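Visitor: So I've got this file, run.tsv, and it contains TSV, C-alpha atoms:
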chain	number	residue	atom	x	y	z
A	65	MET	CA	-6.98	53.73	66.86
A	66	ARG	CA	-3.36	52.91	67.51
A	67	VAL	CA	-4.09	52.24	71.17
A	68	LEU	CA	-6.97	49.94	70.19
A	69	CYS	CA	-4.70	47.85	67.92
A	70	LEU	CA	-2.15	47.50	70.72
A	71	MET	CA	-4.85	46.37	73.10
A	72	LEU	CA	-6.09	43.75	70.63
A	73	LEU	CA	-2.55	42.43	70.12
A	74	PHE	CA	-1.98	42.25	73.87
A	75	GLN	CA	-5.26	40.44	74.37
A	76	SER	CA	-4.40	37.92	71.62
A	77	SER	CA	-0.97	37.25	73.12
A	78	VAL	CA	-2.57	36.54	76.48
A	79	GLN	CA	-5.16	34.18	75.00
A	80	LEU	CA	-2.69	32.39	72.69
A	81	HIS	CA	1.07	32.13	73.18
A	82	CYS	CA	3.59	29.98	71.25
A	83	ASP	CA	7.15	29.06	72.18
A	84	ARG	CA	8.73	30.86	69.20
A	85	ALA	CA	8.18	33.63	66.66
A	86	GLU	CA	11.09	32.69	64.32
A	87	GLU	CA	12.62	29.39	63.33
A	88	LYS	CA	15.63	28.47	61.18
A	89	SER	CA	16.00	24.94	59.87
A	90	THR	CA	17.64	22.96	57.08
A	91	VAL	CA	16.36	20.86	54.21
A	92	ALA	CA	14.82	17.55	55.40
A	93	GLY	CA	14.68	18.93	58.95
A	94	THR	CA	11.71	19.05	61.36
A	95	LEU	CA	9.89	22.04	62.84
A	96	THR	CA	7.99	21.70	66.14
A	97	VAL	CA	5.82	24.51	67.55
A	98	VAL	CA	4.15	24.33	70.99
A	99	CYS	CA	1.38	26.83	71.77
A	100	HIS	CA	-0.74	27.42	74.88
A	101	TYR	CA	-4.25	28.90	74.93
A	102	LYS	CA	-6.96	29.59	77.49
A	103	THR	CA	-9.25	26.61	77.93
A	104	ASN	CA	-12.09	28.47	79.60
A	105	GLY	CA	-13.11	30.17	76.34
A	106	TYR	CA	-11.52	28.31	73.41
A	107	LEU	CA	-11.34	24.64	74.34
A	108	TYR	CA	-13.80	23.59	71.64
A	109	ASN	CA	-12.90	26.19	69.02
A	110	LYS	CA	-11.19	25.02	65.86
A	111	LYS	CA	-7.41	25.60	65.76
A	112	TYR	CA	-5.46	25.80	62.51
A	113	TRP	CA	-2.04	26.27	60.89
A	114	CYS	CA	-1.93	28.52	57.84
A	115	HIS	CA	0.66	29.94	55.44
A	116	GLY	CA	0.73	33.47	54.02
A	117	GLU	CA	2.07	36.97	54.55
A	118	SER	CA	-1.31	38.35	55.66
A	119	ARG	CA	-3.30	36.99	58.57
A	120	ASN	CA	-6.48	37.79	56.67
A	121	TRP	CA	-5.57	35.85	53.51
A	122	CYS	CA	-3.37	32.99	54.66
A	123	GLU	CA	-4.00	29.48	53.33
A	124	ILE	CA	-5.00	26.86	55.90
A	125	LEU	CA	-2.72	23.81	55.68
A	126	ALA	CA	-4.10	21.80	58.62
A	127	ASP	CA	-6.64	22.16	61.45
A	128	SER	CA	-7.82	20.40	64.60
A	129	ASP	CA	-10.72	18.80	62.70
A	130	ASN	CA	-8.20	16.41	61.06
A	131	PHE	CA	-8.00	18.39	57.83
A	132	VAL	CA	-4.61	18.39	56.08
A	133	LYS	CA	-4.06	19.87	52.65
A	134	TRP	CA	-3.38	17.09	50.14
A	135	GLU	CA	0.22	18.00	49.25
A	136	TYR	CA	1.14	18.27	52.96
A	137	ARG	CA	-0.25	14.94	54.07
A	138	GLY	CA	2.36	12.96	55.92
A	139	ARG	CA	4.37	16.15	56.59
A	140	ILE	CA	2.12	18.24	58.89
A	141	PHE	CA	0.70	16.99	62.19
A	142	LEU	CA	-1.57	19.11	64.44
A	143	GLN	CA	-2.74	17.96	67.89
A	144	ASP	CA	-5.04	19.82	70.31
A	145	ARG	CA	-4.64	18.62	73.91
A	146	GLN	CA	-6.79	20.78	76.24
A	147	GLY	CA	-4.90	24.04	76.31
A	148	VAL	CA	-1.80	22.83	74.45
A	149	LEU	CA	-1.59	22.95	70.66
A	150	LEU	CA	1.26	20.95	69.08
A	151	ILE	CA	2.24	21.55	65.44
A	152	ARG	CA	4.94	19.57	63.63
A	153	MET	CA	6.25	19.91	60.06
A	154	THR	CA	8.66	17.25	58.79
A	155	GLN	CA	10.84	16.85	55.67
A	156	LEU	CA	11.22	20.61	55.28
A	157	ARG	CA	11.97	21.97	51.82
A	158	LEU	CA	13.39	25.23	50.56
A	159	ASP	CA	9.96	26.40	49.39
A	160	ASP	CA	8.61	25.99	52.95
A	161	THR	CA	10.34	29.27	53.80
A	162	GLY	CA	7.81	31.97	54.65
A	163	VAL	CA	5.32	33.34	57.18
A	164	TYR	CA	2.97	31.02	59.06
A	165	TRP	CA	0.13	31.63	61.51
A	166	VAL	CA	-1.28	29.63	64.40
A	167	GLY	CA	-4.95	30.51	64.68
A	168	ILE	CA	-7.99	29.93	66.89
A	169	ASP	CA	-11.29	30.31	65.09
A	170	ARG	CA	-13.81	32.65	66.69
A	171	PRO	CA	-16.49	35.09	65.51
A	172	TYR	CA	-15.43	38.42	64.02
A	173	THR	CA	-11.66	38.21	64.61
A	174	ASP	CA	-9.54	35.05	65.00
A	175	ILE	CA	-6.81	34.85	67.59
A	176	MET	CA	-3.49	34.41	65.70
A	177	TRP	CA	0.23	34.02	66.37
A	178	LYS	CA	2.81	34.81	63.69
A	179	ILE	CA	5.85	32.55	63.07
A	180	THR	CA	8.53	33.20	60.43
A	181	ILE	CA	10.34	30.13	59.08
A	182	LYS	CA	13.54	30.08	57.02
A	183	VAL	CA	14.74	26.82	55.46
A	184	THR	CA	18.27	26.58	54.05
A	185	GLU	CA	20.46	23.89	52.52
A	186	VAL	CA	22.49	21.63	54.79
A	187	PRO	CA	26.05	23.03	54.86
A	188	VAL	CA	28.58	21.14	52.75
A	189	SER	CA	31.31	19.19	54.50
A	190	ARG	CA	34.91	19.04	53.24
A	191	PRO	CA	34.92	16.67	50.24
A	192	ASN	CA	36.81	13.39	50.30
A	193	LEU	CA	38.79	12.03	47.34
A	194	VAL	CA	39.06	8.37	46.35
A	195	PHE	CA	40.35	6.41	43.36
A	196	LEU	CA	37.81	4.46	41.34
A	197	GLY	CA	39.60	1.21	40.63
A	198	PRO	CA	43.28	0.36	41.16
A	199	ALA	CA	45.49	3.44	40.99
A	200	GLU	CA	48.39	1.37	39.57
A	201	VAL	CA	46.83	1.51	36.08
A	202	SER	CA	48.39	4.96	35.69
A	203	CYS	CA	51.82	3.29	35.63
A	204	SER	CA	50.95	1.82	32.22
A	205	GLY	CA	49.22	4.93	30.90
A	206	GLN	CA	45.66	3.70	31.40
A	207	PRO	CA	42.87	6.19	32.34
A	208	LEU	CA	42.28	6.77	36.06
A	209	ILE	CA	39.25	8.36	37.78
A	210	VAL	CA	39.38	10.34	41.03
A	211	ARG	CA	35.97	10.85	42.70
A	212	CYS	CA	35.04	13.84	44.87
A	213	ASN	CA	32.25	13.41	47.42
A	214	SER	CA	30.94	15.31	50.46
A	215	VAL	CA	29.40	13.25	53.25
A	216	GLN	CA	27.11	16.10	54.32
A	217	GLY	CA	25.25	18.71	52.35
A	218	THR	CA	22.15	19.11	50.17
A	219	GLY	CA	21.96	20.53	46.67
A	220	VAL	CA	25.72	20.04	46.31
A	221	LYS	CA	27.47	21.01	43.06
A	222	TYR	CA	30.96	19.69	42.28
A	223	THR	CA	33.63	21.34	40.14
A	224	TRP	CA	37.19	20.23	39.35
A	225	TYR	CA	39.86	22.90	38.84
A	226	LYS	CA	43.36	22.81	37.43
A	227	SER	CA	45.72	24.90	39.53
A	228	VAL	CA	47.51	27.30	37.14
A	229	GLN	CA	48.64	30.90	37.11
A	230	PRO	CA	47.24	33.54	37.15
A	231	ALA	CA	43.84	31.92	37.89
A	232	ASP	CA	42.65	28.35	38.36
A	233	VAL	CA	40.75	26.85	35.42
A	234	PRO	CA	37.61	24.64	35.73
A	235	VAL	CA	38.12	21.37	33.84
A	236	GLN	CA	35.17	19.18	34.84
A	237	PHE	CA	31.72	19.90	36.29
A	238	SER	CA	31.00	16.57	37.96
A	239	THR	CA	32.07	14.42	40.89
A	240	ASP	CA	34.71	12.61	38.81
A	241	LEU	CA	38.05	13.76	37.42
A	242	THR	CA	39.31	11.69	34.49
A	243	LEU	CA	43.08	11.52	34.09
A	244	CYS	CA	44.86	10.00	31.09
A	245	CYS	CA	48.07	10.42	29.11
A	246	THR	CA	46.67	12.57	26.31
A	247	THR	CA	45.49	15.25	28.77
A	248	LEU	CA	48.77	15.34	30.72
A	249	ALA	CA	51.30	17.34	28.76
A	250	GLU	CA	53.15	17.94	32.01
A	251	SER	CA	52.82	17.40	35.74
A	252	GLN	CA	49.72	19.19	37.03
A	253	LEU	CA	47.77	19.98	40.21
A	254	TYR	CA	43.99	19.59	40.57
A	255	TYR	CA	41.43	20.12	43.33
A	256	CYS	CA	37.68	19.75	43.77
A	257	THR	CA	35.12	22.18	45.21
A	258	ALA	CA	31.77	21.17	46.73
A	259	SER	CA	29.31	24.03	47.12
A	260	ASN	CA	25.67	24.97	47.64
A	261	SER	CA	23.77	28.14	48.56
A	262	VAL	CA	25.15	28.03	52.13
A	263	ASN	CA	28.91	27.41	51.80
A	264	GLN	CA	31.76	26.05	49.71
A	265	GLU	CA	34.53	23.61	50.65
A	266	HIS	CA	37.78	22.58	48.92
A	267	SER	CA	39.36	19.13	48.72
A	268	ASP	CA	43.00	18.12	49.04
A	269	LEU	CA	45.29	18.65	46.07
A	270	VAL	CA	45.62	15.92	43.46
A	271	ARG	CA	49.13	15.81	41.97
A	272	ALA	CA	49.48	14.08	38.58
A	273	GLU	CA	53.17	13.57	37.74
A	274	LEU	CA	54.01	12.63	34.16
A	275	LEU	CA	56.76	9.98	34.23
A	276	LYS	CA	56.86	9.14	30.51
A	277	PRO	CA	55.20	11.24	27.79
A	278	ALA	CA	52.52	9.93	25.43
A	279	GLU	CA	55.03	9.72	22.55
A	280	GLU	CA	56.85	6.99	24.48
A	281	GLN	CA	55.31	4.23	26.60
A	282	CYS	CA	53.21	6.66	28.64
A	283	ALA	CA	53.21	6.48	32.44
A	284	TYR	CA	52.08	8.86	35.17
A	285	HIS	CA	51.69	8.82	38.96
A	286	VAL	CA	48.81	10.32	40.98
A	287	THR	CA	49.00	11.44	44.60
A	288	ILE	CA	46.05	12.62	46.74
A	289	GLY	CA	47.24	15.06	49.37
A	290	SER	CA	50.22	13.56	51.18
A	291	ASP	CA	49.11	9.96	50.65
A	292	HIS	CA	51.64	7.96	48.59
A	293	SER	CA	49.66	4.73	48.29
A	294	TYR	CA	51.63	3.27	45.36
A	295	GLU	CA	54.77	3.73	43.26
A	296	CYS	CA	55.58	3.26	39.57
A	297	TRP	CA	59.31	2.69	39.86
A	298	ASP	CA	59.30	-1.09	40.34
A	299	GLU	CA	59.97	-2.89	37.02
A	300	GLU	CA	57.72	-5.81	37.91
A	301	LEU	CA	54.89	-3.41	38.72
A	302	MET	CA	55.39	-1.63	35.40
A	303	SER	CA	55.14	-4.94	33.51
A	304	THR	CA	51.98	-6.14	35.29
A	305	ALA	CA	50.13	-2.84	35.60
A	306	THR	CA	48.70	-3.16	32.09
A	307	ALA	CA	46.44	-5.98	33.30
A	308	LEU	CA	44.96	-3.81	36.05
A	309	ILE	CA	42.46	-1.90	33.94
A	310	SER	CA	39.61	-0.37	35.87
A	311	THR	CA	36.16	-1.68	35.04
A	312	GLU	CA	35.13	1.93	34.52
A	313	PHE	CA	36.97	1.83	31.19
A	314	THR	CA	36.03	-1.54	29.73
A	315	ASP	CA	36.75	-1.53	25.98
A	316	GLY	CA	38.33	1.89	26.29
A	317	TYR	CA	35.17	3.98	26.61
A	318	LEU	CA	34.60	6.67	29.20
A	319	PRO	CA	31.53	6.46	31.46
A	320	SER	CA	28.54	8.06	29.72
A	321	SER	CA	27.78	10.24	32.78
A	322	VAL	CA	31.23	11.84	32.62
A	323	VAL	CA	31.02	12.49	28.89
A	324	ARG	CA	27.48	13.87	29.16
A	325	GLU	CA	28.23	16.23	32.05
A	326	ALA	CA	31.43	17.42	30.42
A	327	SER	CA	29.72	18.10	27.07
A	328	GLU	CA	27.07	20.25	28.76
A	329	PHE	CA	29.78	22.67	29.83
A	330	ASN	CA	31.89	22.39	26.66
A	331	VAL	CA	34.57	20.45	28.50
A	332	SER	CA	36.53	18.12	26.25
A	333	VAL	CA	37.40	14.70	27.69
A	334	ARG	CA	39.53	12.57	25.36
A	335	CYS	CA	41.62	9.60	26.42
A	336	SER	CA	43.05	7.87	23.32
A	337	TRP	CA	44.41	4.35	23.13
A	338	THR	CA	48.03	3.56	23.81
A	339	VAL	CA	49.96	1.50	21.25
A	340	LYS	CA	49.65	-1.62	23.37
A	341	SER	CA	45.87	-1.22	23.70
A	342	LEU	CA	45.49	-0.60	19.96
A	343	SER	CA	47.40	-3.75	19.03
A	344	TYR	CA	45.28	-5.76	21.44
A	345	GLU	CA	42.10	-4.38	19.87
A	346	VAL	CA	43.31	-5.25	16.33
A	347	CYS	CA	44.22	-8.82	17.37
A	348	ARG	CA	40.85	-9.27	19.01
A	349	TRP	CA	38.95	-8.20	15.90
A	350	LEU	CA	41.13	-10.40	13.64
A	351	LEU	CA	40.40	-13.40	15.85
A	352	PHE	CA	36.68	-12.62	15.70
A	353	VAL	CA	36.76	-12.45	11.87
A	354	ALA	CA	38.68	-15.76	11.67
A	355	LEU	CA	36.11	-17.48	13.89
A	356	LEU	CA	33.24	-16.07	11.84
A	357	VAL	CA	34.76	-17.29	8.53
A	358	SER	CA	35.42	-20.76	10.03
A	359	PHE	CA	31.82	-20.99	11.18
A	360	ILE	CA	30.48	-20.06	7.72
A	361	LEU	CA	32.72	-22.63	5.96
A	362	LEU	CA	31.78	-25.42	8.38
A	363	ARG	CA	28.10	-24.64	7.99
A	364	ARG	CA	28.38	-24.71	4.21
A	365	TYR	CA	30.35	-28.00	4.32
A	366	PHE	CA	27.79	-29.83	6.45
A	367	LYS	CA	24.96	-28.44	4.35
A	368	ASN	CA	26.51	-29.78	1.12
A	369	LYS	CA	27.25	-33.11	2.82
A	370	GLY	CA	23.60	-33.45	3.75
A	371	HIS	CA	22.49	-32.75	0.15
A	372	ARG	CA	24.87	-35.43	-1.23
A	373	LYS	CA	23.63	-38.01	1.26
A	374	HIS	CA	20.02	-37.29	0.37
A	375	TYR	CA	20.77	-37.62	-3.39
A	376	SER	CA	22.61	-40.95	-2.99
A	377	THR	CA	19.68	-42.35	-0.98
A	378	TYR	CA	17.33	-41.24	-3.76
A	379	LEU	CA	19.44	-43.06	-6.44
A	380	GLU	CA	19.57	-46.26	-4.38
A	381	LYS	CA	15.77	-46.31	-4.03
A	382	LYS	CA	15.26	-45.67	-7.75
A	383	LEU	CA	17.72	-48.44	-8.72
A	384	HIS	CA	15.99	-50.83	-6.35
A	385	ARG	CA	12.59	-50.12	-7.97
A	386	ASN	CA	14.02	-50.63	-11.49
A	387	CYS	CA	15.62	-53.95	-10.54
A	388	ARG	CA	12.40	-55.14	-8.98
A	389	GLY	CA	10.41	-54.24	-12.11
A	390	LEU	CA	12.93	-56.02	-14.33
A	391	LYS	CA	12.67	-59.21	-12.24
A	392	GLU	CA	8.86	-59.19	-12.50
A	393	LEU	CA	9.07	-58.73	-16.29
A	394	ASN	CA	11.47	-61.67	-16.71
A	395	SER	CA	9.25	-63.93	-14.63
A	396	LYS	CA	6.24	-63.19	-16.84
A	397	GLU	CA	8.20	-63.94	-20.04
A	398	ILE	CA	9.39	-67.30	-18.68
A	399	ILE	CA	5.83	-68.35	-17.69
A	400	SER	CA	4.43	-67.41	-21.10
A	401	SER	CA	7.12	-69.39	-22.94
A	402	LEU	CA	6.52	-72.55	-20.84
A	403	SER	CA	2.78	-72.30	-21.51
A	404	ALA	CA	3.39	-72.14	-25.26
A	405	GLN	CA	5.61	-75.26	-25.22
A	406	HIS	CA	3.02	-77.22	-23.26
A	407	LEU	CA	0.36	-76.42	-25.77
Output the file's structure as C-alpha cells, nothing else.

Guide:
Amino acid sequence: MRVLCLMLLFQSSVQLHCDRAEEKSTVAGTLTVVCHYKTNGYLYNKKYWCHGESRNWCEILADSDNFVKWEYRGRIFLQDRQGVLLIRMTQLRLDDTGVYWVGIDRPYTDIMWKITIKVTEVPVSRPNLVFLGPAEVSCSGQPLIVRCNSVQGTGVKYTWYKSVQPADVPVQFSTDLTLCCTTLAESQLYYCTASNSVNQEHSDLVRAELLKPAEEQCAYHVTIGSDHSYECWDEELMSTATALISTEFTDGYLPSSVVREASEFNVSVRCSWTVKSLSYEVCRWLLFVALLVSFILLRRYFKNKGHRKHYSTYLEKKLHRNCRGLKELNSKEIISSLSAQHL
C-alpha cells in the first residue's frame, strides 16, 4: 500500500510540476505560480486552483473555464497555454495564508500539486518625526504637536513613551504627541515606537526643555534628535511667538482624534490656557456682547421710527378728509342762504 501511494505521487509529479511548493509574501503583494503538464493526455482537461488543507475537500477558487469565485474576482487570474498553467494572485491579505492546490481534472483521481503560502505584514521602517505647525509657538507656552510616521509598513501601531526610570511609561497611543506647559513639570525625554506583527522600530528622542514654569509666563523648547531648528532666547522672538499659533489648536481645543484615541487608553491630555490667552478670550467675548447689544438697540430704534412715521401719515390723511368735508358743508350753507334771499 505504501509503495502504491509513492508510485501515485511520483506519477502525479511527472504529469504536473510547478515551480514552487512554498511561497512567502507580504500584504498587498503578488503571488505567481507557473506549472507544466503533459499535453498528450491533459491538454483539454479542466485545470483549477483550490484552497484547503485536504486535496479531497479543497474549495475551488478559479478554473480554466473562466470561473472565479465572486470574492476573488479581480485578484485571481488563471491561464492555460498548451502545457503551461499560469496562476496569479494579487493584493494578498493576511487571511490568504494557507494551503493551496493546483489540480487537473480527470476521472477517479485528479492530478494535484500542493503549495503552502504564508502572508505577513510589511516590515515597519524607522519612524520619522516632524512638527505640526511652527515649533516657535513653544516659546510662548502654546501647545505643540510632534507627529510620528513610518514610510513603510502595514498594520502599524504607534505608541509614545516618556523616558523615565526604572521603566519607560506610555503616554499616548497615537501618531501624535501633544506637548504643553501644564504637562511639563520639568524637562523630559520622549520617543515613539512603530510596530506590527513582524517588527518594531524606535524613533529619535524628543527633548522638551522647560524654560519658564507654568506659574510664570510659560516657555519651553523642543528638540528632535540632534536637530536644533529654532531657539527661544531671542527677545524679539519671544515677543512675536504668541502670534504663531498652530492651526491645530484654533480656539484652544485639541484635535478630536487625539482626545478620542487618548481617552480609549485612559490617557489624560490637558493643555490649559495661559494668562495671555485667557485675557484674549475674555476681550473677544466682551466685544461680541457689545456688538450684539448695539444691534438690538439699533433694530428697536428703527422699528419705533417706522411706527411714528406711519402714525403721522395716518393723522395727516384724517385731517385732510375732515377739512375737505368742512369745506363741502360750508359751500352748501352759502348756496341755501342765497336761494332764500332770492325768493

Visitor: What lies within 9 Å of A:Gly162 using only C-alpha atoms, ignoring chain neighbours under 4 positions off, as a list of chain:residue names?

Guide: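 My reading of the contact set: A:His115, A:Gly116, A:Glu117, A:Ile179, A:Thr180, A:Ile181, A:Lys182, A:Val183.
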
Visitor: Check the smallest atom-to-atom distance from each of A:His285, A:His292, A:Arg271, A:Lys221 to A:Ser259 using only C-alpha atoms, then report the winner.

Guide: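 Counting only C-alpha atoms, the residue closest to A:Ser259 is A:Lys221.
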
Visitor: Counting all atoms listed in the file, what is within 6 Å of A:Cys203, bar same-chain residues fewer than 6 positions away, as a ChimeraX atom specification?

Guide: /A:283-284,296

Visitor: Atom CA of A:Tyr254 to atom CA of A:Thr184: how many Å, to one decimal?

Guide: 29.9 Å

Visitor: Pick from A:Cys282, A:Leu269, A:Val148, A:Val346: nearest to A:Tyr106, with only C-alpha atoms counted?

Guide: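 Going through A:Cys282, A:Leu269, A:Val148, A:Val346 one by one, the smallest distance to A:Tyr106 is for A:Val148.
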
Visitor: Please report the interatomic distance between atom CA of A:Asp232 and atom CA of A:Gly219 in Å with one decimal.

Guide: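 That distance, rounded to one decimal, is 23.6 Å.
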
Visitor: Please indicate the distance in Å from atom CA of A:Asn213 to atom CA of A:Val262, rounded to one decimal place.

Guide: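 Separating atom CA of A:Asn213 from atom CA of A:Val262 is a distance of 16.9 Å.
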
Visitor: As a CSV table (one decimal), in the frame of the given file, please: stretch 183-206 of chain A completed to N, CA, C and O atoms.

Guide:
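Writing the result to selection.csv gives the following:
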chain,number,residue,atom,x,y,z
A,183,VAL,N,14.1,28.1,55.7
A,183,VAL,CA,14.7,26.8,55.5
A,183,VAL,C,15.9,27.0,54.5
A,183,VAL,O,15.8,27.6,53.5
A,184,THR,N,17.1,26.5,54.9
A,184,THR,CA,18.3,26.6,54.0
A,184,THR,C,18.8,25.2,53.8
A,184,THR,O,18.4,24.2,54.4
A,185,GLU,N,19.8,25.1,52.8
A,185,GLU,CA,20.5,23.9,52.5
A,185,GLU,C,21.3,23.4,53.7
A,185,GLU,O,21.8,24.3,54.5
A,186,VAL,N,21.6,22.1,53.8
A,186,VAL,CA,22.5,21.6,54.8
A,186,VAL,C,23.9,22.0,54.4
A,186,VAL,O,24.3,21.8,53.2
A,187,PRO,N,24.7,22.6,55.2
A,187,PRO,CA,26.0,23.0,54.9
A,187,PRO,C,26.9,21.9,54.3
A,187,PRO,O,26.7,20.7,54.8
A,188,VAL,N,27.7,22.2,53.4
A,188,VAL,CA,28.6,21.1,52.8
A,188,VAL,C,29.8,20.8,53.6
A,188,VAL,O,30.4,21.8,54.1
A,189,SER,N,30.1,19.6,53.8
A,189,SER,CA,31.3,19.2,54.5
A,189,SER,C,32.5,19.1,53.5
A,189,SER,O,32.3,19.1,52.3
A,190,ARG,N,33.7,19.1,54.1
A,190,ARG,CA,34.9,19.0,53.2
A,190,ARG,C,34.9,17.8,52.4
A,190,ARG,O,34.8,16.7,52.9
A,191,PRO,N,35.0,17.9,51.1
A,191,PRO,CA,34.9,16.7,50.2
A,191,PRO,C,36.1,15.7,50.4
A,191,PRO,O,37.2,16.1,50.6
A,192,ASN,N,35.8,14.4,50.3
A,192,ASN,CA,36.8,13.4,50.3
A,192,ASN,C,37.1,13.0,48.9
A,192,ASN,O,36.3,13.0,48.0
A,193,LEU,N,38.4,12.5,48.7
A,193,LEU,CA,38.8,12.0,47.3
A,193,LEU,C,39.2,10.6,47.4
A,193,LEU,O,39.9,10.1,48.3
A,194,VAL,N,38.7,9.8,46.4
A,194,VAL,CA,39.1,8.4,46.4
A,194,VAL,C,39.3,8.0,44.9
A,194,VAL,O,38.8,8.6,44.0
A,195,PHE,N,40.1,7.0,44.7
A,195,PHE,CA,40.4,6.4,43.4
A,195,PHE,C,39.2,5.4,43.0
A,195,PHE,O,38.8,4.6,43.9
A,196,LEU,N,38.8,5.5,41.8
A,196,LEU,CA,37.8,4.5,41.3
A,196,LEU,C,38.6,3.4,40.6
A,196,LEU,O,39.0,3.6,39.5
A,197,GLY,N,38.8,2.3,41.2
A,197,GLY,CA,39.6,1.2,40.6
A,197,GLY,C,41.0,1.3,41.1
A,197,GLY,O,41.4,2.2,41.8
A,198,PRO,N,41.9,0.4,40.7
A,198,PRO,CA,43.3,0.4,41.2
A,198,PRO,C,44.0,1.5,40.6
A,198,PRO,O,44.0,1.8,39.4
A,199,ALA,N,44.7,2.3,41.4
A,199,ALA,CA,45.5,3.4,41.0
A,199,ALA,C,46.7,3.1,40.2
A,199,ALA,O,47.2,3.9,39.4
A,200,GLU,N,47.2,1.8,40.3
A,200,GLU,CA,48.4,1.4,39.6
A,200,GLU,C,48.3,1.4,38.1
A,200,GLU,O,49.2,1.3,37.3
A,201,VAL,N,47.0,1.5,37.5
A,201,VAL,CA,46.8,1.5,36.1
A,201,VAL,C,47.5,2.7,35.5
A,201,VAL,O,47.8,2.7,34.3
A,202,SER,N,47.7,3.8,36.2
A,202,SER,CA,48.4,5.0,35.7
A,202,SER,C,49.8,4.7,35.3
A,202,SER,O,50.4,5.3,34.4
A,203,CYS,N,50.4,3.6,35.9
A,203,CYS,CA,51.8,3.3,35.6
A,203,CYS,C,52.0,2.8,34.2
A,203,CYS,O,53.1,2.8,33.7
A,204,SER,N,50.9,2.3,33.6
A,204,SER,CA,51.0,1.8,32.2
A,204,SER,C,50.2,2.7,31.3
A,204,SER,O,49.9,2.4,30.2
A,205,GLY,N,49.9,3.9,31.8
A,205,GLY,CA,49.2,4.9,30.9
A,205,GLY,C,47.7,4.8,30.7
A,205,GLY,O,47.1,5.5,29.9
A,206,GLN,N,47.1,3.9,31.5
A,206,GLN,CA,45.7,3.7,31.4
A,206,GLN,C,44.9,4.8,32.1
A,206,GLN,O,45.4,5.5,33.0
